[in-house]
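Presented below is the structure to which this report refers.
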Amino acid sequence: MIILTLNCGSSSAKYQVYDWDKRESICVGLVERIGEDISHIENESKGKEVYDAKEHFPTHKEAVEFILKIITDKEYGCIANKEEIKAVGHRIVHGGETFTKSVIVTEDVIKDIEKNVPLAPLHNPGHLMGIKASMDVMPGVTNVTIMDTAWHQSMPPKSFRYAVPKSWYTDHKVRKYGFHGTSFLYTTKRAAALLGKDPKDVNLVIAHVGNGASMCAVKNGECYDTSMGLTPLDGLVMGSRSGTIDPAVVRFMCHAENMTVDEVDTALNKKSGLLGITGKYIDRRDVLKGVLEGDEDCKLALDMECYRIKKYIGSYVAALGGVDAIVFTAGVGEMAKHVRKDALLGLGCMGIILDEERNDISQTQRAETIISADNSPVKIFVIPTDEELVMAEDTVALIEGTYDVHTKFEYSFQKPDYVNKSRAAALEKQLIDRPELKKVIVTPVK
């Protein structure tokens, strides 16, 4: 069974093709600059040469049409024809309070996603364009929506409500929603497997740290609290997002610089975070290089990012009354050893003890590793996330009629004997050059 997953933004489309019978990804790709004069597509099919070219895609429809063309191409593709595709899974950033799990697309589902556009004006319109393009180009093929916010719907009101006038919530749904839900779902199930526990028996603090970053407190296998809020702006210091600030800053800057509310919002989302502090860098590698070269702004940016992560770890451990493990995931969480180190050192009072040698070794996106000391009561794992796998599995289960909310559904990747075939093959090659990785690779408790 072939499943296509689409993650469409306002001017982009990230995609993967899964051969579900073989349980492996057979193609990954990205289309950028949709709607501009020159668009860009990069496609990599298993065992084939990479296709990297400039094209022109006026709308998402043309982009999806070309995606189908390239994945069925004899030289660059991975399947014989588009009729092999049985369903398309779409990532949706904001499902509001409407969705607690993934669903098959219907006209009512589309209307509900449209209703949530005011809550995610930068994301949901692109997702809707992707869904409609897919339906136009592949009529009759089942489309499925996988909501980033669905995972967080288990939060209690004390976690998700804001201390604002009640009518703001009842009339306008102003509350905390949380994001990166598919990543938190995947890493929760994998952490439970590594601990040898049922997901319902684990308490975790998970740090999804990439350009966008958020944290999640997991209680008994479900989301209990999270750092992002009504939008993805709240919480951690991110690449270009400020994270948590005093709300009065908005009014202050409107008067101080004669800015509009929209201009301040743009600055907080696109000109703040690491970029705002350093004045030039979003990528953590550039920030670290600056630190090593003595750039004080870069040092401050790193200190602020790690301090914010540390504060969230401490508050979430307190809220949960203790945890089984701390988990780092996403690009920075998986690769930036200096971020993990600075965020974790000094937490021995909570039973969180980092092994610095293991942390230094653990730089791979091909394997799950352990970076806690042997005498650490709380385990510290680095788990490469796989949001597309969650999307594919939800899509398969929905069309087969076996799907349910995650607490009542067993994913293939939560089983102790689960193996990510694509990563396993790449890891074998990596171990030739970096045999020391064997010291930190951790396997599930069976």
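Ligands are numbered from 1 in the order shown, chains are lettered A, B, ... in the order of the structure tokens, and residues start at 1 in each chain.
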Just want the 12 Å neighbourhood of region 330-336 of chain A, counted on only C-alpha atoms, with same-chain residues fewer than 4 positions away dropped. Output as a ChimeraX atom specification.
/A:180,182-184,186-187,206-215,238-239,282-288,302,305-306,309,326,340-343,359-371,380-387
Run DSSP on the backbone of this structure and report the residues of region 53-300 of chain A it assigns to alpha helix (DSSP H), as a PyMOL selection string.
chain A and resi 60-71+107-115+124-137+157-160+166-172+181-195+248-256+261-270+273-278+284-292+296-300
Figure out the distance between CA of Leu122 (chain A) and CA of Ser25 (chain A), please, to one decimal in Å.
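Pair CA of Ser25 (chain A) / CA of Leu122 (chain A) returns 28.3 Å.
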Straight-line distance linking CA of Thr226 (chain A) with CA of Val174 (chain A), stated in Å to one decimal
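The value is 15.4 Å.
Excluding Lys48 (chain A) itself and any same-chain residue fewer than 5 positions from it, the protein and nucleic acid residues within 8 Å of it, counting only C-alpha atoms, are Glu75, Tyr76 and Gly77 of chain A.
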File of the preceding selection, N, CA and C atoms, as a compact mmCIF listing (two decimals), in the first residue's frame:
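To be explicit, this is the file written out as part19.txt:
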```
# COMPACT_ATOMS: atom_id res chain seq x y z
N GLU A 75 13.27 7.65 -14.09
CA GLU A 75 14.64 7.93 -13.65
C GLU A 75 14.73 8.40 -12.20
N TYR A 76 13.76 9.21 -11.78
CA TYR A 76 13.85 9.82 -10.44
C TYR A 76 12.76 9.34 -9.47
N GLY A 77 11.78 8.62 -9.96
CA GLY A 77 10.63 8.29 -9.14
C GLY A 77 10.76 7.05 -8.30
```
As an MDAnalysis selection string, which residues of region 67-235 of chain A does DSSP assign to strand (DSSP E or B)?
chainID A and resid 85:92 103:104 142:147 204:209 213:219 222:226
Interatomic distance (Å, one decimal) between CA of Ile146 (chain A) and CA of Phe160 (chain A):
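Interatomic distance, CA of Ile146 (chain A) to CA of Phe160 (chain A): 20.7 Å.
Closest approach to Met350 (chain A) from the set A:Thr395, A:Ser376, A:Ser227, A:Asn220 is made by A:Ser376, with distances taken over only C-alpha atoms.
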Please list as a ChimeraX atom specification every residue within 12 Å of Arg251 (chain A), counting only C-alpha atoms and excluding residues in the same chain fewer than 3 positions away.
/A:246-248,254-265
When you look at Val323 (chain A) with a cut-off of 8 Å (counting only C-alpha atoms), what residues show up, excluding the ones that are within fewer than 4 positions of it in the same chain? I need them as a list of chain:residue names.
A:Val202, A:Asn203, A:Leu204, A:Val205, A:Val317, A:Val378
When you count only C-alpha atoms, which of these residues is closest to Gln414 (chain A): A:Lys176, A:Lys158, A:His127, A:Lys189?
A:Lys189
Using only C-alpha atoms: which of A:Lys299, A:Lys101, A:Lys74, A:Lys132 has the shortest distance to Val88 (chain A):
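The shortest atom-to-atom distance to Val88 (chain A) comes from A:Lys132.
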For Asp37 (chain A), please output as a list in words all residues within 9 Å (counting only C-alpha atoms; exclusion window: fewer than 4 positions along the same chain).
Arg33, Glu55, His56, Phe57 and Pro58 of chain A
Would you mind exporting C-alpha atoms of the selected residues as an mmCIF file, in the first residue's frame?
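Generated output (again-v8.cif):
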```cif
data_model
loop_
_atom_site.group_PDB
_atom_site.id
_atom_site.type_symbol
_atom_site.label_atom_id
_atom_site.label_comp_id
_atom_site.auth_asym_id
_atom_site.auth_seq_id
_atom_site.Cartn_x
_atom_site.Cartn_y
_atom_site.Cartn_z
ATOM 1 C CA ARG A 33 8.527 29.215 -3.478
ATOM 2 C CA GLU A 55 10.353 24.988 -11.960
ATOM 3 C CA HIS A 56 7.328 27.269 -11.979
ATOM 4 C CA PHE A 57 4.327 26.445 -9.791
ATOM 5 C CA PRO A 58 1.738 29.261 -9.764
#
```
So that I can see what lies close to Met155 (chain A), please list as an MDAnalysis selection string the residues with an atom at most 6 Å from it, counting only C-alpha atoms and leaving out residues fewer than 4 positions away in the same chain.
chainID A and resid 223:225
